[in-house]
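Chemist: mmCIF, C-alpha atoms, saved as query39.cif, coming up:
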```
data_coords
loop_
_atom_site.label_atom_id
_atom_site.label_comp_id
_atom_site.auth_asym_id
_atom_site.auth_seq_id
_atom_site.Cartn_x
_atom_site.Cartn_y
_atom_site.Cartn_z
CA MET N 964 0.00 0.00 0.00
CA ASN N 965 1.62 3.27 -1.13
CA ARG N 966 1.40 6.56 0.75
CA LEU N 967 -1.47 7.90 -1.35
CA SER N 968 -3.65 4.85 -0.83
CA LYS N 969 -2.90 5.01 2.92
CA LEU N 970 -4.03 8.62 2.95
CA VAL N 971 -7.22 7.66 1.16
CA VAL N 972 -7.98 4.99 3.75
CA ILE N 973 -7.39 7.48 6.57
CA MET N 974 -9.64 10.06 4.94
CA GLU N 975 -12.39 7.50 4.39
CA ASN N 976 -12.10 6.43 8.03
CA LYS N 977 -12.31 10.05 9.18
CA THR N 978 -15.39 10.65 7.02
CA ASP N 979 -17.04 7.54 8.40
CA ILE N 980 -16.34 8.62 11.98
CA LEU N 981 -17.77 12.08 11.36
CA GLN N 982 -20.88 10.66 9.73
CA GLU N 983 -21.34 8.19 12.58
CA LEU N 984 -21.07 10.96 15.14
CA ARG N 985 -23.42 13.20 13.19
CA ASN N 986 -26.01 10.44 13.34
CA ILE N 987 -25.59 10.07 17.12
CA SER N 988 -25.03 13.67 18.20
CA PRO N 989 -24.78 16.60 15.73
CA LEU N 990 -23.91 18.84 18.68
CA ILE N 991 -20.58 17.09 19.30
CA VAL N 992 -19.68 17.23 15.58
CA ASP N 993 -20.00 20.99 15.68
CA ILE N 994 -17.47 21.22 18.52
CA GLN N 995 -14.04 21.92 17.08
CA SER N 996 -11.95 18.82 17.52
CA VAL N 997 -9.13 20.66 19.22
CA ASN N 998 -7.02 19.40 22.07
CA PRO N 999 -7.40 21.85 24.94
CA PHE N 1000 -4.57 20.31 26.97
CA SER N 1001 -0.95 21.36 26.63
CA VAL N 1002 2.44 19.89 27.55
CA PRO N 1003 5.53 21.62 28.93
CA ALA N 1004 7.81 23.04 26.26
CA GLY N 1005 10.36 20.53 24.94
CA TYR N 1006 8.68 17.62 26.75
CA PHE N 1007 8.59 15.23 23.80
CA GLU N 1008 12.14 16.16 22.73
CA GLY N 1009 13.56 15.09 26.07
CA LEU N 1010 11.32 12.09 26.70
CA PRO N 1011 13.32 9.35 24.86
CA ALA N 1012 16.53 10.27 26.71
CA ALA N 1013 14.71 10.39 30.05
CA ILE N 1014 13.19 6.96 29.49
CA LEU N 1015 16.52 5.41 28.40
CA GLU N 1016 18.19 6.86 31.51
CA LYS N 1017 15.51 5.30 33.66
CA ILE N 1018 15.96 1.95 31.92
CA ARG N 1019 19.74 2.06 32.50
CA ILE N 1020 19.31 2.87 36.19
CA GLY N 1021 16.70 0.12 36.48
CA ALA N 1022 19.06 -2.35 34.84
CA ILE N 1023 21.87 -1.39 37.21
CA LEU N 1024 19.57 -1.81 40.22
CA ASP N 1025 18.27 -5.14 38.89
CA ASN N 1026 21.82 -6.44 38.50
CA ALA N 1027 22.82 -5.12 41.90
CA SER N 1028 20.00 -6.92 43.63
CA ALA N 1029 20.40 -10.09 41.58
CA ASP N 1030 23.81 -11.62 42.32
CA THR N 1031 26.13 -9.29 44.22
CA TYR N 1032 26.56 -11.53 47.26
CA GLU N 1033 27.38 -15.21 47.45
CA VAL N 1034 26.61 -17.76 50.16
CA PRO N 1035 29.14 -20.49 51.11
CA ALA N 1036 28.16 -23.98 49.93
CA GLY N 1037 25.91 -25.79 52.41
CA TYR N 1038 25.41 -22.62 54.50
CA PHE N 1039 21.67 -22.96 54.92
CA GLU N 1040 21.80 -26.72 55.62
CA GLY N 1041 23.91 -26.26 58.76
CA LEU N 1042 22.49 -22.87 59.82
CA SER N 1043 19.91 -24.09 62.38
CA ALA N 1044 22.43 -26.41 64.10
CA ASN N 1045 25.01 -23.59 64.28
CA ILE N 1046 22.52 -21.18 65.81
CA LEU N 1047 21.37 -23.72 68.42
CA SER N 1048 24.92 -24.56 69.48
CA LYS N 1049 25.71 -20.84 69.79
CA ILE N 1050 22.64 -20.32 71.96
CA LYS N 1051 23.70 -23.18 74.25
CA MET N 1052 27.27 -21.88 74.49
CA GLY N 1053 25.96 -18.44 75.31
CA GLU N 1054 23.82 -19.82 78.14
CA LEU N 1055 26.75 -21.76 79.60
CA ASN N 1056 29.05 -18.76 79.36
CA GLY N 1057 26.41 -16.64 81.08
CA LEU N 1058 26.20 -19.06 84.02
CA ALA N 1059 29.98 -19.21 84.35
CA ALA N 1060 30.26 -15.41 84.29
CA GLU N 1061 27.57 -15.10 86.96
CA LEU N 1062 29.36 -17.60 89.19
CA ASN N 1063 32.68 -15.84 88.62
CA GLU N 1064 31.22 -12.70 90.15
CA VAL N 1065 29.61 -14.48 93.12
CA ALA N 1066 32.02 -17.31 93.98
CA PRO N 1067 34.89 -17.85 91.49
CA LEU N 1068 36.11 -20.86 93.42
CA LEU N 1069 33.01 -22.85 92.46
CA ASN N 1070 33.91 -22.54 88.78
CA THR N 1071 37.13 -24.46 89.40
CA ILE N 1072 35.33 -27.49 90.90
CA SER N 1073 34.14 -30.27 88.65
CA LYS N 1074 30.37 -30.52 88.30
CA SER N 1075 30.37 -34.30 87.91
CA GLU N 1076 27.95 -36.15 90.25
CA VAL N 1077 29.43 -37.59 93.40
CA TYR N 1078 26.35 -39.62 94.29
CA THR N 1079 25.60 -42.97 92.70
CA VAL N 1080 22.40 -44.90 92.11
CA PRO N 1081 22.03 -48.69 92.10
CA ALA N 1082 22.91 -50.24 88.78
CA GLY N 1083 19.97 -50.19 86.35
CA TYR N 1084 17.85 -48.07 88.71
CA PHE N 1085 16.56 -45.74 86.08
CA ASP N 1086 16.00 -48.56 83.61
CA GLN N 1087 13.86 -50.52 86.05
CA MET N 1088 11.86 -47.57 87.24
CA ASP N 1089 8.34 -48.29 86.11
CA LEU N 1090 6.10 -45.39 86.83
CA SER N 1091 3.05 -47.22 85.53
CA ALA N 1092 3.38 -49.73 88.38
CA VAL N 1093 2.71 -47.04 90.92
CA THR N 1094 -0.93 -47.44 91.81
CA ARG N 1095 -2.80 -44.35 92.31
CA LYS N 1096 -5.01 -44.21 95.38
CA GLU N 1097 -8.10 -42.43 94.53
CA GLY N 1098 -9.64 -40.22 97.18
CA LYS N 1099 -13.21 -40.60 98.28
CA VAL N 1100 -15.44 -38.61 96.08
CA ILE N 1101 -18.30 -36.90 97.84
CA THR N 1102 -20.79 -35.74 95.40
CA LEU N 1103 -22.42 -32.42 95.82
CA ARG N 1104 -25.83 -34.07 95.78
CA ILE N 1105 -25.16 -36.01 99.03
CA ALA N 1106 -23.72 -32.97 100.75
CA ARG N 1107 -26.71 -31.03 99.67
CA LYS N 1108 -29.04 -33.71 101.10
CA TRP N 1109 -27.32 -33.51 104.50
CA MET N 1110 -27.65 -29.79 104.45
CA GLN N 1111 -31.31 -30.14 103.64
CA TYR N 1112 -31.82 -32.53 106.55
CA ALA N 1113 -29.89 -30.26 108.92
CA ALA N 1114 -31.89 -27.23 107.83
CA ALA N 1115 -35.14 -29.18 108.29
CA ALA N 1116 -34.07 -30.27 111.79
CA VAL N 1117 -33.16 -26.72 112.81
CA MET N 1118 -36.46 -25.42 111.51
CA ALA N 1119 -38.37 -28.17 113.33
CA GLY N 1120 -36.48 -27.38 116.55
CA ILE N 1121 -37.28 -23.67 116.23
CA LEU N 1122 -40.95 -24.40 115.59
CA VAL N 1123 -41.27 -26.86 118.49
CA THR N 1124 -39.38 -24.61 120.91
CA GLY N 1125 -41.38 -21.63 119.78
CA ALA N 1126 -44.64 -23.48 120.17
CA PHE N 1127 -43.58 -24.77 123.59
CA LEU N 1128 -42.54 -21.36 124.87
CA TYR N 1129 -45.61 -19.73 123.43
CA ASN N 1130 -47.97 -22.29 124.95
CA ASP N 1131 -46.07 -22.29 128.24
CA GLY N 1132 -47.10 -18.74 128.96
CA ASN N 1133 -50.67 -19.03 127.74
CA SER N 1134 -51.75 -22.64 127.97
CA SER N 1135 -54.35 -23.60 130.56
CA LEU N 1136 -54.94 -27.30 130.49
CA THR N 1137 -57.09 -27.19 133.61
CA GLY N 1138 -58.34 -23.65 133.22
CA ILE N 1139 -55.92 -22.40 135.89
CA LYS N 1140 -52.91 -20.35 134.81
CA ALA N 1141 -49.78 -22.34 135.54
CA ASP N 1142 -47.12 -20.31 137.30
CA SER N 1143 -43.95 -21.36 139.09
CA SER N 1144 -44.85 -19.01 141.96
CA ASP N 1145 -47.96 -21.16 142.51
CA VAL N 1146 -45.77 -24.21 142.97
CA SER N 1147 -43.76 -22.52 145.70
CA PHE N 1148 -46.91 -21.26 147.31
CA GLU N 1149 -48.47 -24.72 147.30
CA MET N 1150 -45.24 -26.29 148.52
CA ASN N 1151 -45.17 -23.93 151.45
CA LYS N 1152 -48.56 -25.23 152.48
CA VAL N 1153 -47.27 -28.79 152.65
CA SER N 1154 -46.07 -29.81 156.15
CA GLU N 1155 -42.70 -31.34 156.82
CA ALA N 1156 -44.25 -34.64 157.89
CA GLU N 1157 -46.17 -34.91 154.66
CA LEU N 1158 -42.98 -34.27 152.71
CA VAL N 1159 -41.14 -37.01 154.64
CA THR N 1160 -43.98 -39.45 154.06
CA TYR N 1161 -43.91 -38.54 150.37
CA LEU N 1162 -40.21 -39.07 150.09
CA ASP N 1163 -40.41 -42.36 152.03
CA ASN N 1164 -42.83 -43.77 149.47
CA PRO N 1165 -40.70 -45.84 147.05
CA GLU N 1166 -43.19 -45.13 144.25
CA HIS N 1167 -42.00 -41.55 144.12
CA SER N 1168 -38.30 -42.36 143.99
CA VAL N 1169 -38.06 -41.74 140.22
CA ALA N 1170 -35.42 -39.90 138.28
CA VAL N 1171 -32.87 -40.51 140.93
CA PRO N 1172 -29.33 -39.76 139.79
CA ALA N 1173 -27.19 -42.82 139.13
CA ALA N 1174 -24.69 -41.84 141.83
CA THR N 1175 -27.50 -41.77 144.39
CA THR N 1176 -28.79 -45.24 143.52
CA LEU N 1177 -25.43 -46.66 144.39
CA ALA N 1178 -25.72 -45.29 147.94
CA SER N 1179 -26.43 -47.82 150.72
CA GLU N 1180 -29.51 -47.93 152.95
CA ALA N 1181 -27.45 -46.64 155.87
CA ASP N 1182 -26.39 -43.65 153.80
CA LEU N 1183 -29.99 -42.90 152.97
CA VAL N 1184 -30.96 -42.99 156.66
CA ASP N 1185 -28.20 -40.50 157.35
CA VAL N 1186 -29.43 -38.23 154.57
CA LYS N 1187 -32.97 -38.42 155.97
CA ASN N 1188 -31.70 -37.47 159.41
CA ASN N 1189 -29.67 -34.64 158.02
CA LEU N 1190 -32.54 -33.36 155.93
CA SER N 1191 -34.86 -33.40 158.95
CA ARG N 1192 -32.40 -31.22 160.76
CA LEU N 1193 -32.30 -28.60 157.97
CA SER N 1194 -34.56 -25.59 158.15
CA ASP N 1195 -36.71 -24.43 155.20
CA GLU N 1196 -34.39 -21.48 154.57
CA GLU N 1197 -31.41 -23.83 154.37
CA LEU N 1198 -33.25 -26.11 152.00
CA ASN N 1199 -34.24 -23.20 149.79
CA GLN N 1200 -30.67 -22.00 149.82
CA TYR N 1201 -29.50 -25.44 148.77
CA LEU N 1202 -32.05 -25.61 146.01
CA LYS N 1203 -31.02 -22.21 144.78
CA GLU N 1204 -27.38 -23.18 144.62
CA ASN N 1205 -27.96 -26.56 142.97
CA ALA N 1206 -30.99 -25.76 140.84
CA GLU N 1207 -31.17 -26.84 137.16
CA PRO N 1208 -31.23 -24.02 134.62
CA PHE N 1209 -35.00 -24.27 134.38
CA GLU N 1210 -35.39 -24.24 138.15
CA SER N 1211 -33.05 -21.31 138.50
CA ALA N 1212 -35.10 -19.48 135.94
CA VAL N 1213 -38.17 -20.17 138.04
CA SER N 1214 -36.51 -19.03 141.24
CA GLU N 1215 -35.33 -15.84 139.57
CA LYS N 1216 -38.87 -15.17 138.54
CA GLU N 1217 -39.94 -15.55 142.17
CA MET F 60 9.57 10.79 8.45
CA HIS F 61 9.57 7.83 10.86
CA PRO F 62 11.15 4.50 9.93
CA ASP F 63 9.00 1.43 9.33
CA ASP F 64 8.01 -0.70 12.39
CA LYS F 65 9.55 -3.86 10.94
CA GLU F 66 12.85 -2.08 10.38
CA LEU F 67 12.79 -0.73 13.94
CA LEU F 68 12.07 -4.16 15.40
CA PHE F 69 14.92 -5.67 13.42
CA GLN F 70 17.34 -3.01 14.69
CA PHE F 71 16.14 -3.56 18.24
CA GLN F 72 17.21 -7.22 18.06
CA ASN F 73 20.77 -6.10 17.32
CA THR F 74 22.72 -5.07 20.44
CA ALA F 75 24.65 -2.41 18.54
CA THR F 76 21.52 -0.67 17.30
CA LYS F 77 19.14 -1.55 20.14
CA GLU F 78 19.09 1.82 21.90
CA LYS F 79 18.90 3.73 18.64
CA ALA F 80 15.93 1.66 17.49
CA PHE F 81 14.22 2.10 20.83
CA THR F 82 14.69 5.87 20.73
CA ALA F 83 13.14 5.86 17.26
CA ILE F 84 10.14 3.86 18.54
CA ILE F 85 9.62 6.36 21.38
CA ASN F 86 9.90 9.28 18.96
CA LYS F 87 7.38 7.68 16.63
CA TYR F 88 4.69 6.82 19.16
CA GLN F 89 5.26 8.98 22.21
CA GLU F 90 2.78 11.73 21.31
CA LYS F 91 -0.04 9.39 20.37
CA LEU F 92 0.46 7.32 23.50
CA TYR F 93 0.93 10.40 25.66
CA TRP F 94 -2.40 11.90 24.61
CA HIS F 95 -4.14 8.57 24.97
CA VAL F 96 -2.87 8.36 28.57
CA ARG F 97 -3.29 12.08 29.28
CA ARG F 98 -6.97 12.00 28.34
CA LEU F 99 -7.39 9.09 30.69
CA VAL F 100 -5.53 10.45 33.75
CA VAL F 101 -5.88 14.20 32.89
CA ASP F 102 -2.85 15.43 34.87
CA HIS F 103 0.43 15.89 32.97
CA ASP F 104 2.68 14.54 35.74
CA ASP F 105 0.51 11.45 36.11
CA ALA F 106 0.53 10.98 32.33
CA ASN F 107 4.33 11.35 32.29
CA ASP F 108 4.74 8.68 35.02
CA VAL F 109 2.42 6.29 33.24
CA LEU F 110 4.07 6.87 29.84
CA GLN F 111 7.56 6.24 31.21
CA ASN F 112 6.35 2.98 32.77
CA VAL F 113 4.78 2.05 29.43
CA PHE F 114 8.07 2.46 27.57
CA ILE F 115 10.06 0.65 30.26
CA LYS F 116 7.66 -2.30 29.83
CA VAL F 117 8.10 -2.02 26.08
CA TRP F 118 11.89 -2.21 26.51
CA LYS F 119 11.58 -5.36 28.63
CA GLY F 120 9.00 -7.05 26.41
CA LEU F 121 9.94 -6.00 22.92
CA GLU F 122 12.34 -8.89 22.41
CA ASN F 123 9.47 -11.32 22.86
CA PHE F 124 7.05 -9.26 20.79
CA ARG F 125 5.27 -11.40 18.21
CA GLU F 126 5.22 -9.66 14.87
CA ASP F 127 1.88 -11.15 13.90
CA SER F 128 0.22 -8.17 15.63
CA GLN F 129 0.92 -4.53 14.87
CA LEU F 130 3.43 -2.74 17.10
CA TYR F 131 1.07 0.21 17.27
CA THR F 132 -1.77 -1.96 18.62
CA TRP F 133 0.56 -3.62 21.13
CA LEU F 134 1.81 -0.26 22.42
CA TYR F 135 -1.73 1.05 22.82
CA ARG F 136 -2.66 -2.07 24.71
CA ILE F 137 0.18 -1.59 27.19
CA ALA F 138 -0.63 2.13 27.56
CA THR F 139 -4.32 1.37 28.20
CA ASN F 140 -3.52 -1.24 30.86
CA GLU F 141 -0.99 1.03 32.57
CA GLY F 142 -3.45 3.94 32.56
CA LEU F 143 -6.24 1.82 34.04
CA THR F 144 -3.88 0.34 36.64
CA PHE F 145 -2.86 3.86 37.64
CA LEU F 146 -6.50 4.90 38.11
CA GLU F 147 -7.16 1.72 40.09
CA GLN F 148 -4.25 2.46 42.41
CA GLN F 149 -5.50 6.01 42.91
CA LYS F 150 -8.91 4.63 43.85
CA LYS F 151 -7.37 2.27 46.41
CA ARG F 152 -5.07 4.93 47.82
CA SER F 153 -7.82 7.45 48.34
CA THR F 154 -10.37 4.77 49.40
CA VAL F 155 -13.13 6.64 47.63
CA SER F 156 -15.86 5.43 45.29
CA LEU F 157 -15.64 5.46 41.51
CA SER F 158 -17.90 8.52 41.28
CA ASP F 159 -15.53 10.38 43.60
CA VAL F 160 -12.60 9.51 41.33
CA GLU F 161 -14.57 10.80 38.33
CA SER F 162 -15.36 14.03 40.12
CA GLY F 163 -11.66 14.17 41.05
CA LEU F 164 -10.77 13.94 37.36
CA SER F 165 -13.25 16.75 36.61
CA ASN F 166 -11.57 18.83 39.25
CA LYS F 167 -8.22 18.14 37.60
CA VAL F 168 -9.66 19.38 34.29
CA LYS F 169 -10.88 22.56 36.01
CA ALA F 170 -7.49 22.97 37.66
CA ASP F 171 -5.72 23.13 34.27
CA ALA F 172 -4.04 26.46 33.68
CA ASN F 173 -5.84 26.91 30.37
CA PHE F 174 -9.29 25.83 31.55
CA ASP F 175 -12.10 28.00 30.24
CA ALA F 176 -15.66 26.92 31.03
CA ASN F 177 -17.02 29.11 28.23
CA LYS F 178 -15.21 27.15 25.58
CA LEU F 179 -16.99 24.10 24.24
CA GLU F 180 -13.83 22.00 23.99
CA TRP F 181 -13.33 22.35 27.76
CA ARG F 182 -16.96 21.50 28.45
CA LEU F 183 -16.46 18.48 26.25
CA GLN F 184 -13.53 17.46 28.45
CA LEU F 185 -15.68 17.83 31.56
CA ALA F 186 -18.41 15.76 29.92
CA ILE F 187 -15.92 12.99 29.04
CA GLN F 188 -14.81 12.75 32.68
CA GLN F 189 -18.40 11.98 33.71
CA LEU F 190 -18.34 8.77 31.67
CA PRO F 191 -17.54 5.32 33.05
CA GLU F 192 -13.93 4.25 32.37
CA LYS F 193 -14.70 1.91 29.45
CA GLN F 194 -16.97 4.38 27.65
CA ARG F 195 -14.41 7.15 28.22
CA MET F 196 -11.72 4.99 26.66
CA VAL F 197 -13.83 4.06 23.64
CA PHE F 198 -14.95 7.64 23.03
CA ASN F 199 -11.41 9.00 23.22
CA LEU F 200 -9.98 6.37 20.88
CA ARG F 201 -12.74 6.93 18.34
CA TYR F 202 -13.19 10.70 18.58
CA TYR F 203 -9.59 11.87 19.05
CA ASP F 204 -7.48 9.00 17.70
CA GLU F 205 -9.99 8.16 14.94
CA MET F 206 -9.34 4.52 15.50
CA PRO F 207 -11.28 1.90 13.51
CA TYR F 208 -13.44 -0.46 15.64
CA GLN F 209 -11.47 -3.45 14.40
CA GLU F 210 -8.23 -2.08 15.84
CA MET F 211 -9.94 -0.91 19.01
CA SER F 212 -11.34 -4.41 19.45
CA ARG F 213 -7.81 -5.82 19.57
CA ILE F 214 -6.63 -3.25 22.06
CA LEU F 215 -9.58 -3.46 24.46
CA ASP F 216 -10.43 -7.15 23.97
CA THR F 217 -14.05 -6.28 23.26
CA SER F 218 -16.28 -7.10 20.30
CA GLU F 219 -16.84 -4.44 17.64
CA GLY F 220 -20.58 -4.48 18.33
CA ALA F 221 -20.08 -3.77 22.02
CA LEU F 222 -17.63 -0.97 21.18
CA LYS F 223 -20.14 0.63 18.79
CA ALA F 224 -22.80 0.50 21.51
CA SER F 225 -20.39 1.99 24.05
CA TYR F 226 -19.48 4.81 21.70
CA HIS F 227 -23.17 5.51 21.00
CA HIS F 228 -24.03 5.67 24.73
CA ALA F 229 -20.97 7.82 25.45
CA ALA F 230 -21.79 10.36 22.71
CA LYS F 231 -25.40 10.62 23.89
CA LYS F 232 -24.35 11.19 27.52
CA ILE F 233 -21.84 13.83 26.46
CA GLU F 234 -24.45 15.65 24.40
CA GLU F 235 -26.84 15.62 27.34
CA PHE F 236 -24.15 16.95 29.69
CA ILE F 237 -23.15 19.80 27.37
CA LYS F 238 -26.78 20.81 26.83
CA ASN F 239 -27.43 21.01 30.56
CA TYR F 240 -24.12 22.60 31.56
#
```
Turn the structure described in the file into structure tokens.
Modeler:
Amino acid sequence: MNRLSKLVVIMENKTDILQELRNISPLIVDIQSVNPFSVPAGYFEGLPAAILEKIRIGAILDNASADTYEVPAGYFEGLSANILSKIKMGELNGLAAELNEVAPLLNTISKSEVYTVPAGYFDQMDLSAVTRKEGKVITLRIARKWMQYAAAAVMAGILVTGAFLYNDGNSSLTGIKADSSDVSFEMNKVSEAELVTYLDNPEHSVAVPAATTLASEADLVDVKNNLSRLSDEELNQYLKENAEPFESAVSEKE
Amino acid sequence: MHPDDKELLFQFQNTATKEKAFTAIINKYQEKLYWHVRRLVVDHDDANDVLQNVFIKVWKGLENFREDSQLYTWLYRIATNEGLTFLEQQKKRSTVSLSDVESGLSNKVKADANFDANKLEWRLQLAIQQLPEKQRMVFNLRYYDEMPYQEMSRILDTSEGALKASYHHAAKKIEEFIKNY
């Protein structure tokens, strides 16, 4: 294709493009096809040299990073072992230096073991043979049950005691208000002879302390004689000093 | 008058004449490629960076260039990819949406020392920046570079029919923009 025919093709192409655009948008065709942008003066003149310079620098950098340094043969294969041995040596040197500062004499003594173990001790040691003794396992459920029972017992005790104390002050089984002062009053009415007769009756000898039951008949006669010699005041004094908690409470009330 | 592409490629294969041939290739195509990139990225400094990268890639790849395709088409293809990559990197760097990048390009047009909103050619430039990337590329190649669809199809890896449709849509949008500006 000669230059003229090339020019014809270009012109035809340009005409086609204009016609195509006229069909789509006549407004754009009327806009002058000028390039509004500009470039710095001499930009294109200097561009090839600038690009070649960049390529040369790039090539130099590529070569520099490619194969400037060499590694001894087998370097990477033995690297991990070398590093580990250096770490170990460093640790040992550190310990020796520390000991040199504290007690240099100890560094001169051999660290070999002076103690011995029976031959084959470590070989025969069978840890699996050691039976493990398992501790008693108390489940939470059982503990909880005991706690429930204890709580129930405490509650029952409180209720019974409460009911007893409440009824004690207000109950009237026979319609007469029971009062410990009444007992003393009634007791005062009883004569000494009647009391002796009452005590002599074996039917009333209940709730006698065990130590008393072991006493002989002669001892009892002595006690009776002694008691007969005691005045009421002395008896009351005795009762006061040896009264049970409940009795003392009653006497305090009096 | 520029030497023939085949002659330039032959000289490039020879070590003695390699740099001379490459300089001739730059001289032959630099302006076309520059304007192709400049219309895409708008700013001169950006266009200069992209164009230098384009020619560095050409230097590295020209030895393996297959002569069954035109050098001109191959160069345009590299320039298009480099320009789009540059825009993509700008998008990532600024972490803004595509529409923000387009408005950024419009702002670059307005920031040009010669910008004149009363002149239609500048309004046309603003209108082009409103287009999506692909339509902008197609419109520029057809309107400014007067490139046949067949050639454009090789550069953009798109069918001629799709390119015609893109050009049609682009021209209509531009007309609408200029009317309402």
Chemist: Out of F:Leu183, F:Lys65, F:Tyr131, F:Asp216, which residue has the shortest atom-to-atom distance to Tyr203 of chain F when counting only C-alpha atoms?
Modeler: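 The answer is F:Leu183, which sits nearest to Tyr203 of chain F.
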Chemist: For the PyMOL selection byres ((chain N) within 10 of (chain F)), applied here, can you spell out every residue it catches as a ChimeraX atom specification?
Modeler: /N:973,976-981,983-984,986-1003,1006-1015,1017-1018,1021
Chemist: Could you work out how far atom CA of Leu164 of chain F lies from atom CA of Leu222 of chain F, giving the answer in Å with one decimal?
Modeler: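 Straight-line distance from atom CA of Leu222 of chain F to atom CA of Leu164 of chain F works out to 23.0 Å.
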Chemist: Would you mind telling me which residue in F:Asp64, F:Glu141, F:Glu122, F:Glu210 lies nearest to Val109 of chain F when using all atoms listed in the file?
Modeler: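 Between F:Asp64, F:Glu141, F:Glu122, F:Glu210, the residue approaching Val109 of chain F most closely is F:Glu141.
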Chemist: For a test of reading the model, state the distance in Å between atom CA of Ala221 of chain F and atom CA of Tyr135 of chain F, rounded to one decimal.
Modeler: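 Atom-to-atom, atom CA of Ala221 of chain F and atom CA of Tyr135 of chain F are spaced 19.0 Å apart.
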Chemist: Evaluated on this file, the PyMOL selection byres ((chain F and resi 66) around 12) picks out some residues - which ones are they, written as number ranges by chain?
Modeler: F: 61-65, 67-73, 76-77, 79-81, 83-84, 126, 130
Chemist: The centre and edge lengths of an axis-aligned box containing all atoms of segment 177-181 of chain F present in the file, extended by 8 Å on each side, are to be given in Å to one decimal, as lines of an AutoDock Vina configuration file.
Modeler:
```
center_x = -15.2
center_y = 25.6
center_z = 26.1
size_x = 19.7
size_y = 23.1
size_z = 20.2
```
